[in-house]
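Peer 1: Just one file: target.tsv, with TSV, C-alpha atoms.
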```tsv
chain	number	residue	atom	x	y	z
A	1	MET	CA	0.00	0.00	0.00
A	2	GLN	CA	1.34	3.41	-0.98
A	3	GLN	CA	2.12	5.58	2.02
A	4	PRO	CA	0.62	9.11	2.16
A	5	THR	CA	2.66	12.28	1.97
A	6	PHE	CA	2.04	14.94	4.60
A	7	LEU	CA	3.11	18.49	3.82
A	8	LEU	CA	3.66	20.42	7.06
A	9	ALA	CA	3.45	24.19	6.57
A	10	PRO	CA	2.76	25.98	9.87
A	11	ASP	CA	3.69	29.45	11.07
A	12	SER	CA	5.46	29.86	14.40
A	13	PHE	CA	3.44	29.66	17.61
A	14	LYS	CA	4.60	32.95	19.09
A	15	GLU	CA	6.64	32.62	22.30
A	16	SER	CA	6.30	28.84	22.16
A	17	MET	CA	7.78	27.32	18.98
A	18	THR	CA	9.42	28.41	15.76
A	19	ALA	CA	7.72	27.21	12.59
A	20	LYS	CA	10.47	24.62	12.16
A	21	GLU	CA	9.85	23.29	15.68
A	22	VAL	CA	6.11	23.04	14.94
A	23	CYS	CA	6.94	20.95	11.85
A	24	VAL	CA	9.03	18.57	13.97
A	25	ALA	CA	6.26	18.18	16.55
A	26	MET	CA	3.63	17.63	13.85
A	27	GLU	CA	5.68	14.85	12.26
A	28	ALA	CA	6.36	13.20	15.62
A	29	GLY	CA	2.62	12.95	16.30
A	30	LEU	CA	1.58	11.83	12.83
A	31	ARG	CA	4.30	9.15	12.77
A	32	LYS	CA	2.57	7.35	15.64
A	33	ALA	CA	-0.31	6.68	13.26
A	34	PHE	CA	1.63	6.68	9.96
A	35	PRO	CA	5.18	5.50	10.75
A	36	GLU	CA	6.04	4.85	7.10
A	37	ALA	CA	4.51	8.00	5.61
A	38	ASN	CA	6.46	10.73	3.82
A	39	TYR	CA	6.83	14.09	5.57
A	40	VAL	CA	7.76	17.37	3.90
A	41	HIS	CA	8.60	20.32	6.18
A	42	VAL	CA	7.91	23.84	4.87
A	43	PRO	CA	8.24	26.31	7.80
A	44	MET	CA	6.08	29.32	6.97
A	45	ALA	CA	5.49	32.95	8.00
A	46	ASP	CA	3.37	35.84	6.77
A	47	GLY	CA	5.93	38.64	6.65
A	48	GLY	CA	5.81	39.43	10.36
A	49	GLU	CA	7.86	38.09	13.24
A	50	GLY	CA	9.57	34.81	12.36
A	51	THR	CA	9.68	35.42	8.59
A	52	VAL	CA	13.46	35.56	8.37
A	53	GLN	CA	13.87	32.38	10.40
A	54	SER	CA	11.29	30.55	8.28
A	55	LEU	CA	12.93	31.57	5.01
A	56	VAL	CA	16.35	30.56	6.33
A	57	ASP	CA	15.05	27.21	7.59
A	58	ALA	CA	13.13	26.46	4.40
A	59	THR	CA	16.11	27.20	2.12
A	60	GLY	CA	18.97	25.80	4.19
A	61	GLY	CA	20.38	29.25	4.84
A	62	ARG	CA	22.02	30.82	7.86
A	63	MET	CA	21.39	33.57	10.38
A	64	VAL	CA	23.88	36.43	10.82
A	65	GLU	CA	24.24	38.87	13.73
A	66	LYS	CA	25.20	42.52	13.31
A	67	LYS	CA	25.57	45.33	15.84
A	68	VAL	CA	23.59	48.36	14.63
A	69	ALA	CA	21.90	51.48	15.98
A	70	GLY	CA	18.63	50.79	17.74
A	71	PRO	CA	15.56	53.02	17.47
A	72	LEU	CA	16.92	55.40	20.13
A	73	GLY	CA	20.47	55.36	18.75
A	74	GLU	CA	21.78	52.83	21.26
A	75	THR	CA	23.73	49.80	20.01
A	76	VAL	CA	21.65	46.64	19.57
A	77	THR	CA	22.46	43.22	18.18
A	78	ALA	CA	20.19	42.62	15.19
A	79	LYS	CA	19.86	39.49	13.06
A	80	TYR	CA	19.29	38.92	9.38
A	81	GLY	CA	19.25	35.83	7.22
A	82	ILE	CA	21.13	34.73	4.13
A	83	MET	CA	19.12	32.16	2.23
A	84	GLY	CA	20.42	28.92	0.80
A	85	ASP	CA	21.25	30.45	-2.60
A	86	GLY	CA	23.82	32.74	-0.96
A	87	VAL	CA	22.66	35.85	-2.85
A	88	THR	CA	19.26	36.49	-1.26
A	89	ALA	CA	18.93	38.02	2.21
A	90	ALA	CA	15.98	38.48	4.52
A	91	ILE	CA	15.66	41.29	7.06
A	92	GLU	CA	13.03	42.06	9.69
A	93	MET	CA	13.20	45.79	10.32
A	94	ALA	CA	11.96	45.14	13.86
A	95	SER	CA	15.24	43.38	14.63
A	96	ALA	CA	16.98	46.76	14.40
A	97	SER	CA	14.17	49.32	14.79
A	98	GLY	CA	11.37	47.44	16.53
A	99	ILE	CA	8.87	48.49	19.18
A	100	HIS	CA	10.22	45.78	21.50
A	101	LEU	CA	13.49	47.74	21.71
A	102	VAL	CA	11.85	50.66	23.52
A	103	THR	CA	9.95	50.76	26.79
A	104	LYS	CA	6.72	52.44	27.76
A	105	GLU	CA	8.82	55.27	29.17
A	106	THR	CA	11.27	55.64	26.26
A	107	LYS	CA	9.12	55.15	23.16
A	108	ASN	CA	8.88	58.43	21.30
A	109	PRO	CA	8.25	58.62	17.54
A	110	LEU	CA	9.62	62.18	17.46
A	111	ILE	CA	13.13	60.77	17.90
A	112	THR	CA	13.06	57.04	17.06
A	113	THR	CA	14.91	56.18	13.86
A	114	THR	CA	15.19	53.48	11.19
A	115	TYR	CA	18.95	54.11	10.90
A	116	GLY	CA	19.76	50.59	12.12
A	117	THR	CA	17.58	49.06	9.42
A	118	GLY	CA	19.63	50.98	6.87
A	119	GLU	CA	22.78	49.59	8.45
A	120	LEU	CA	21.42	46.06	7.95
A	121	ILE	CA	20.76	46.81	4.27
A	122	LYS	CA	24.32	48.18	3.93
A	123	GLU	CA	25.68	45.02	5.56
A	124	CYS	CA	23.82	42.96	2.93
A	125	LEU	CA	25.42	45.06	0.20
A	126	ASP	CA	28.83	44.42	1.76
A	127	GLN	CA	28.07	40.68	1.63
A	128	GLY	CA	27.41	40.80	-2.11
A	129	ILE	CA	23.67	40.19	-1.75
A	130	LYS	CA	21.63	40.79	-4.93
A	131	LYS	CA	18.09	40.49	-3.56
A	132	ILE	CA	16.75	41.56	-0.16
A	133	ILE	CA	13.40	40.66	1.35
A	134	ILE	CA	12.41	43.09	4.11
A	135	GLY	CA	9.58	42.53	6.58
A	136	ILE	CA	8.48	45.91	7.91
A	137	GLY	CA	6.09	45.13	10.76
A	138	GLY	CA	6.51	45.99	14.43
A	139	SER	CA	8.38	49.28	14.13
A	140	ALA	CA	9.02	51.86	16.86
A	141	THR	CA	9.47	54.59	14.27
A	142	ASN	CA	7.65	57.34	12.36
A	143	ASP	CA	10.52	58.79	10.32
A	144	GLY	CA	9.40	57.90	6.80
A	145	GLY	CA	12.47	55.73	6.37
A	146	ALA	CA	14.73	58.78	6.49
A	147	GLY	CA	17.01	57.14	9.05
A	148	MET	CA	17.32	54.08	6.84
A	149	ALA	CA	18.25	56.29	3.89
A	150	GLU	CA	20.77	58.26	5.95
A	151	ALA	CA	22.61	55.05	6.81
A	152	LEU	CA	22.85	54.43	3.05
A	153	GLY	CA	24.37	57.85	2.32
A	154	VAL	CA	21.44	60.24	1.87
A	155	LYS	CA	21.63	63.62	3.63
A	156	PHE	CA	18.54	65.43	4.94
A	157	LEU	CA	19.16	69.15	5.36
A	158	ASP	CA	17.25	72.15	6.71
A	159	GLU	CA	17.06	75.57	5.00
A	160	GLU	CA	20.48	76.50	6.37
A	161	GLY	CA	22.10	73.32	5.09
A	162	HIS	CA	22.40	71.68	8.49
A	163	THR	CA	21.81	67.93	8.87
A	164	LEU	CA	18.45	67.21	10.49
A	165	PRO	CA	18.32	65.30	13.78
A	166	ARG	CA	17.02	61.75	13.32
A	167	GLY	CA	13.38	60.92	13.97
A	168	GLY	CA	9.96	61.94	12.77
A	169	GLY	CA	10.00	65.13	14.81
A	170	SER	CA	12.45	66.96	12.56
A	171	LEU	CA	11.02	66.24	9.10
A	172	GLY	CA	8.92	69.41	9.20
A	173	LYS	CA	12.18	71.36	8.76
A	174	LEU	CA	13.34	69.30	5.78
A	175	ALA	CA	14.32	71.56	2.88
A	176	THR	CA	16.87	69.60	0.83
A	177	ILE	CA	17.55	65.93	0.13
A	178	ASP	CA	21.16	65.34	-0.96
A	179	MET	CA	21.39	62.05	-2.88
A	180	SER	CA	25.00	62.53	-4.06
A	181	GLU	CA	26.42	59.94	-1.65
A	182	LEU	CA	23.62	57.34	-1.85
A	183	ASP	CA	25.24	53.89	-1.99
A	184	ALA	CA	25.54	53.17	-5.72
A	185	ARG	CA	25.25	49.41	-5.15
A	186	LEU	CA	21.52	49.82	-4.40
A	187	ALA	CA	20.86	50.30	-8.12
A	188	ASP	CA	21.75	46.65	-8.74
A	189	VAL	CA	19.83	45.13	-5.82
A	190	GLU	CA	16.19	44.06	-5.96
A	191	ILE	CA	14.29	44.79	-2.74
A	192	ILE	CA	10.99	43.11	-2.00
A	193	VAL	CA	9.05	44.57	0.91
A	194	ALA	CA	6.69	42.33	2.87
A	195	CYS	CA	3.85	44.73	3.59
A	196	ASP	CA	0.37	43.66	4.67
A	197	VAL	CA	-1.11	47.08	5.45
A	198	THR	CA	-2.53	49.45	2.85
A	199	ASN	CA	-2.23	52.69	4.80
A	200	PRO	CA	-0.93	55.72	2.89
A	201	LEU	CA	1.89	57.85	4.25
A	202	CYS	CA	-0.24	60.81	5.39
A	203	GLY	CA	-3.76	61.72	6.44
A	204	GLU	CA	-6.38	60.25	8.73
A	205	THR	CA	-5.53	56.69	7.66
A	206	GLY	CA	-1.79	57.36	7.41
A	207	ALA	CA	1.18	56.27	9.46
A	208	SER	CA	0.97	58.92	12.20
A	209	HIS	CA	-2.76	58.83	12.93
A	210	VAL	CA	-3.22	55.05	12.80
A	211	PHE	CA	0.04	53.70	14.19
A	212	GLY	CA	1.61	56.69	15.96
A	213	PRO	CA	-0.23	56.28	19.28
A	214	GLN	CA	0.98	52.72	19.80
A	215	LYS	CA	4.54	54.00	19.30
A	216	GLY	CA	4.16	56.60	22.03
A	217	ALA	CA	2.66	59.53	20.12
A	218	THR	CA	0.46	61.72	22.31
A	219	PRO	CA	-2.68	63.37	20.85
A	220	GLU	CA	-0.60	66.53	20.48
A	221	MET	CA	2.21	64.73	18.64
A	222	VAL	CA	0.04	63.00	16.03
A	223	PRO	CA	-0.83	66.06	13.89
A	224	THR	CA	2.78	67.25	14.09
A	225	LEU	CA	4.12	63.91	12.92
A	226	ASP	CA	1.56	63.78	10.11
A	227	ALA	CA	2.41	67.31	8.96
A	228	ASN	CA	6.12	66.44	9.06
A	229	LEU	CA	5.59	63.40	6.85
A	230	ALA	CA	3.50	65.55	4.50
A	231	ASN	CA	6.43	68.00	4.20
A	232	TYR	CA	8.80	65.07	3.63
A	233	ALA	CA	6.54	63.75	0.84
A	234	ALA	CA	6.30	67.22	-0.73
A	235	VAL	CA	10.09	67.69	-0.77
A	236	VAL	CA	10.53	64.19	-2.23
A	237	LYS	CA	8.00	64.93	-4.98
A	238	GLU	CA	9.54	68.30	-5.82
A	239	GLN	CA	13.22	67.28	-5.72
A	240	LEU	CA	13.19	63.58	-6.60
A	241	GLY	CA	10.09	63.39	-8.77
A	242	LYS	CA	8.50	60.58	-6.77
A	243	ASP	CA	4.97	60.91	-5.41
A	244	VAL	CA	4.64	58.44	-2.53
A	245	ARG	CA	2.16	60.24	-0.28
A	246	ASP	CA	-0.92	58.19	-1.18
A	247	ILE	CA	0.56	54.87	-2.28
A	248	PRO	CA	-1.11	51.99	-0.39
A	249	GLY	CA	1.46	50.59	2.05
A	250	ALA	CA	3.62	53.71	2.04
A	251	GLY	CA	2.59	54.33	5.65
A	252	ALA	CA	3.71	50.92	6.87
A	253	ALA	CA	6.30	50.93	9.67
A	254	GLY	CA	5.98	54.67	10.22
A	255	GLY	CA	6.54	55.41	6.55
A	256	LEU	CA	9.44	53.01	6.01
A	257	GLY	CA	7.36	51.64	3.13
A	258	ALA	CA	7.58	55.07	1.50
A	259	GLY	CA	11.29	55.41	2.26
A	260	LEU	CA	12.11	52.11	0.57
A	261	LEU	CA	10.08	53.09	-2.50
A	262	ILE	CA	11.89	56.44	-2.66
A	263	PHE	CA	15.50	55.43	-2.13
A	264	THR	CA	15.76	51.81	-3.35
A	265	GLN	CA	14.54	49.58	-6.17
A	266	ALA	CA	11.71	48.29	-3.99
A	267	THR	CA	8.32	46.73	-4.63
A	268	LEU	CA	5.64	46.05	-2.01
A	269	GLN	CA	4.10	42.58	-1.77
A	270	ARG	CA	1.94	40.65	0.69
A	271	GLY	CA	4.12	38.81	3.17
A	272	ILE	CA	2.47	35.43	2.82
A	273	ASP	CA	2.81	35.57	-0.98
A	274	ILE	CA	6.55	36.22	-0.67
A	275	VAL	CA	7.06	33.30	1.70
A	276	ILE	CA	4.96	30.95	-0.46
A	277	GLU	CA	7.16	31.82	-3.43
A	278	TYR	CA	10.54	31.53	-1.74
A	279	THR	CA	9.75	28.29	0.11
A	280	GLY	CA	8.53	26.61	-3.09
A	281	LEU	CA	5.31	25.70	-1.32
A	282	ARG	CA	3.21	25.27	-4.47
A	283	SER	CA	5.54	22.78	-6.13
A	284	LYS	CA	5.84	20.80	-2.89
A	285	LEU	CA	2.05	20.67	-2.53
A	286	ALA	CA	1.74	18.89	-5.87
A	287	SER	CA	2.94	15.56	-4.46
A	288	ALA	CA	1.20	15.85	-1.05
A	289	ASP	CA	-1.90	13.99	0.09
A	290	TYR	CA	-2.58	16.14	3.14
A	291	CYS	CA	-1.50	19.62	4.17
A	292	LEU	CA	-1.21	20.66	7.82
A	293	THR	CA	-0.81	24.31	8.78
A	294	GLY	CA	-1.54	26.52	11.80
A	295	GLU	CA	-0.32	29.24	14.12
A	296	GLY	CA	-0.61	30.34	17.73
A	297	GLY	CA	-4.03	31.95	17.37
A	298	MET	CA	-6.73	31.74	14.71
A	299	ASP	CA	-9.95	33.73	14.36
A	300	PHE	CA	-11.85	35.71	11.72
A	301	GLN	CA	-8.76	37.87	11.13
A	302	THR	CA	-6.83	34.86	9.82
A	303	GLN	CA	-8.52	35.38	6.45
A	304	PHE	CA	-6.71	38.72	5.99
A	305	GLY	CA	-3.40	37.32	4.78
A	306	LYS	CA	-2.29	35.21	7.74
A	307	THR	CA	-0.27	32.05	7.15
A	308	PRO	CA	-3.02	29.37	7.49
A	309	TYR	CA	-5.19	31.30	5.03
A	310	GLY	CA	-2.40	31.67	2.49
A	311	VAL	CA	-1.37	28.03	2.79
A	312	ALA	CA	-4.99	26.89	2.42
A	313	LYS	CA	-5.49	28.97	-0.72
A	314	ALA	CA	-2.35	27.50	-2.27
A	315	ALA	CA	-3.34	23.96	-1.26
A	316	LYS	CA	-6.84	24.25	-2.67
A	317	LEU	CA	-5.42	25.20	-6.07
A	318	GLU	CA	-3.78	21.76	-5.96
A	319	GLY	CA	-6.96	20.06	-4.68
A	320	LYS	CA	-5.44	19.13	-1.30
A	321	LYS	CA	-7.14	18.65	2.07
A	322	VAL	CA	-6.06	21.21	4.68
A	323	ILE	CA	-6.01	20.72	8.44
A	324	ALA	CA	-5.08	23.59	10.76
A	325	LEU	CA	-3.88	23.65	14.37
A	326	ALA	CA	-4.02	26.58	16.78
A	327	GLY	CA	-3.22	27.27	20.40
A	328	TYR	CA	-6.13	29.68	20.58
A	329	ILE	CA	-9.34	29.52	18.51
A	330	GLY	CA	-11.23	32.80	18.56
A	331	GLU	CA	-14.46	34.35	17.31
A	332	GLY	CA	-15.55	33.93	13.72
A	333	VAL	CA	-13.11	31.13	12.92
A	334	GLU	CA	-15.86	29.30	10.99
A	335	VAL	CA	-15.39	31.70	8.05
A	336	LEU	CA	-12.15	29.83	7.33
A	337	TYR	CA	-14.10	26.73	6.30
A	338	GLU	CA	-15.25	28.73	3.29
A	339	GLU	CA	-11.66	29.80	2.53
A	340	GLY	CA	-10.11	26.38	2.04
A	341	ILE	CA	-9.45	24.99	5.53
A	342	ASP	CA	-11.24	21.66	6.02
A	343	ALA	CA	-10.77	21.22	9.79
A	344	ILE	CA	-9.36	23.23	12.70
A	345	PHE	CA	-8.02	21.62	15.88
A	346	GLY	CA	-7.12	23.37	19.12
A	347	ILE	CA	-4.02	21.95	20.79
A	348	VAL	CA	-4.75	23.03	24.37
A	349	PRO	CA	-5.62	19.96	26.50
A	350	GLY	CA	-7.37	21.84	29.30
A	351	ALA	CA	-7.30	24.83	31.62
A	352	SER	CA	-3.76	25.86	32.52
A	353	ASP	CA	-1.63	28.95	33.04
A	354	ILE	CA	-0.17	30.57	29.92
A	355	GLU	CA	3.46	29.89	30.86
A	356	LYS	CA	2.82	26.13	31.03
A	357	LEU	CA	0.85	26.14	27.78
A	358	LEU	CA	3.70	27.92	25.99
A	359	ALA	CA	6.28	25.52	27.43
A	360	ASP	CA	4.17	22.48	26.53
A	361	GLY	CA	3.50	23.64	22.97
A	362	PRO	CA	5.56	20.94	21.21
A	363	LYS	CA	4.02	18.19	23.33
A	364	ASN	CA	0.50	19.49	22.68
A	365	VAL	CA	1.06	19.74	18.94
A	366	GLU	CA	2.47	16.20	18.88
A	367	ARG	CA	-0.50	14.76	20.79
A	368	THR	CA	-3.03	16.60	18.63
A	369	CYS	CA	-1.35	15.41	15.43
A	370	GLU	CA	-1.32	11.84	16.68
A	371	ASN	CA	-5.09	12.08	17.12
A	372	ILE	CA	-5.47	13.67	13.68
A	373	GLY	CA	-3.44	10.79	12.22
A	374	ARG	CA	-5.60	8.19	13.93
A	375	ILE	CA	-8.77	9.85	12.59
A	376	LEU	CA	-7.32	9.90	9.07
A	377	LYS	CA	-6.39	6.22	9.39
A	378	LEU	CA	-9.97	5.39	10.40
A	379	ALA	CA	-11.23	7.22	7.33
```
Could you take the file, read its structure, and then write that structure out as structure tokens?

Peer 2:
Amino acid sequence: MQQPTFLLAPDSFKESMTAKEVCVAMEAGLRKAFPEANYVHVPMADGGEGTVQSLVDATGGRMVEKKVAGPLGETVTAKYGIMGDGVTAAIEMASASGIHLVTKETKNPLITTTYGTGELIKECLDQGIKKIIIGIGGSATNDGGAGMAEALGVKFLDEEGHTLPRGGGSLGKLATIDMSELDARLADVEIIVACDVTNPLCGETGASHVFGPQKGATPEMVPTLDANLANYAAVVKEQLGKDVRDIPGAGAAGGLGAGLLIFTQATLQRGIDIVIEYTGLRSKLASADYCLTGEGGMDFQTQFGKTPYGVAKAAKLEGKKVIALAGYIGEGVEVLYEEGIDAIFGIVPGASDIEKLLADGPKNVERTCENIGRILKLA
């Protein structure tokens, strides 16, 4: 009898397991019911936290550490990945410029900067990288990517020719953008930006109004930050001939989406679509009998580009059955049955404190997958 092939394509279970660790636990459970089956691991992500690790794991790449400037200018140790082909890199801007690097007391989008993210891009150039994938979620910044660009050689000057201080608070004084020392190597590097928000740079739905408050912006700061980004966009349009103010996604990560469009050869794409492409998920699905996916929490929001949704859509194009696992199953999850997921299983065995549930994640995934395997064997 021919043994089935299980394709395992989960996201990470945040604070519990990486996507690769979820794959291992899934296989361990399924093997108790199907010891001779074939198992294909495809660690996934949706462009947010864990994307770099998933791309590195899926392509046999490696992680690299680099000391860069954090969002407040302090030195932090950031990580980026070089994929298995040796010429493609993956960066999470949050590793250098993320909200987790500031505290409730220190977060301040008037002064936080994306300079460290620019340093990571420069490091990739130094390594001979030809393509960079950048995830831009979880930022502490509202500087329009100006800090990133400064690290790559751009100068932002006021009317008197003085260099502006870093951060979103100074962009209202921007008068001149000096591109003469922009790193020339950027012209030969393709940059793909994982961006799942459609917010423009400015206005009521822009970076400052929607995301500023969670980065520490007070009600008084928000209109100032928005006006500063509007001035930034106006100077860019006048001097560089690029109109980024209303591009969907330009407001992502405090305007880093706009900055990448302005100063690099960047395109914006949905995170899950990027990961599906670079992991080769579709070709691997072709030979699978079952597809298992999942992430830490699933609810009605999963349909808006989260990993299980993206995996299910890809699997259904190949006519495959899709089973999802989650640590938490929330409201409205039933909509996912109409989006390609055939069954959803919670992994939590009973009431427990969150620390124990996170620690027991691998064991709970393994047990749940054993039960899934036994059900499939009955069928």

Peer 1: Show me, as a VMD selection string, the residues that have an atom within 10 Å of Glu190 (chain A) when counting all atoms listed in the file, minus same-chain residues fewer than 2 positions from it.

Peer 2: chain A and resid 88 129 to 133 186 to 188 192 to 193 264 to 267

Peer 1: Give me the residues within 7 Å of Leu229 (chain A) as a list in words, counting all atoms listed in the file and dropping any in the same chain fewer than 4 places off.

Peer 2: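 Counting all atoms listed in the file, the residues come to Gly144, Leu171, Cys202, Leu225 and Ala233 of chain A.
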
Peer 1: Once you have the residues from the selection above, write them out as a PDB file, keeping the file's coordinate frame, restricted to C-alpha atoms.

Peer 2:
```
ATOM      1  CA  GLY A 144       9.400  57.900   6.800  1.00  0.00           C
ATOM      2  CA  LEU A 171      11.020  66.240   9.100  1.00  0.00           C
ATOM      3  CA  CYS A 202      -0.240  60.810   5.390  1.00  0.00           C
ATOM      4  CA  LEU A 225       4.120  63.910  12.920  1.00  0.00           C
ATOM      5  CA  ALA A 233       6.540  63.750   0.840  1.00  0.00           C
TER       6      ALA A 233
END
```

Peer 1: Find the spatial neighbours of Asp243 (chain A), counting only C-alpha atoms, within a cut-off of 10 Å - ignore same-chain residues fewer than 6 positions away - and output them as an mmCIF file with C-alpha atoms, keeping the file's coordinate frame.

Peer 2:
```cif
data_model
loop_
_atom_site.group_PDB
_atom_site.id
_atom_site.type_symbol
_atom_site.label_atom_id
_atom_site.label_comp_id
_atom_site.auth_asym_id
_atom_site.auth_seq_id
_atom_site.Cartn_x
_atom_site.Cartn_y
_atom_site.Cartn_z
ATOM 1 C CA ALA A 233 6.540 63.750 0.840
ATOM 2 C CA ALA A 234 6.300 67.220 -0.730
ATOM 3 C CA VAL A 235 10.090 67.690 -0.770
ATOM 4 C CA VAL A 236 10.530 64.190 -2.230
ATOM 5 C CA LYS A 237 8.000 64.930 -4.980
ATOM 6 C CA ALA A 258 7.580 55.070 1.500
ATOM 7 C CA LEU A 261 10.080 53.090 -2.500
ATOM 8 C CA ILE A 262 11.890 56.440 -2.660
#
```

Peer 1: Nearest to Phe300 (chain A) among A:Cys369, A:Tyr337, A:Ala324, A:Ala351, with distances taken over all atoms listed in the file: which residue is it?

Peer 2: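 Counting all atoms listed in the file, the residue closest to Phe300 (chain A) is A:Tyr337.
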
Peer 1: Provide the CA of Ile191 (chain A) to CA of Lys155 (chain A) distance in Å, to one decimal place.

Peer 2: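 So the answer is 21.2 Å.
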
Peer 1: Go through A:Gly297, A:Gly340, A:Gly81, A:Gly135 and flag the residue nearest Lys316 (chain A), using all atoms listed in the file for the distances.

Peer 2: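 For Lys316 (chain A), the nearest of the given residues is A:Gly340.
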
Peer 1: When you count all atoms listed in the file, which of these residues is closest to Gly116 (chain A): A:Ile99, A:Ile276, A:Lys66, A:Gly310?

Peer 2: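 Counting all atoms listed in the file, the residue closest to Gly116 (chain A) is A:Lys66.
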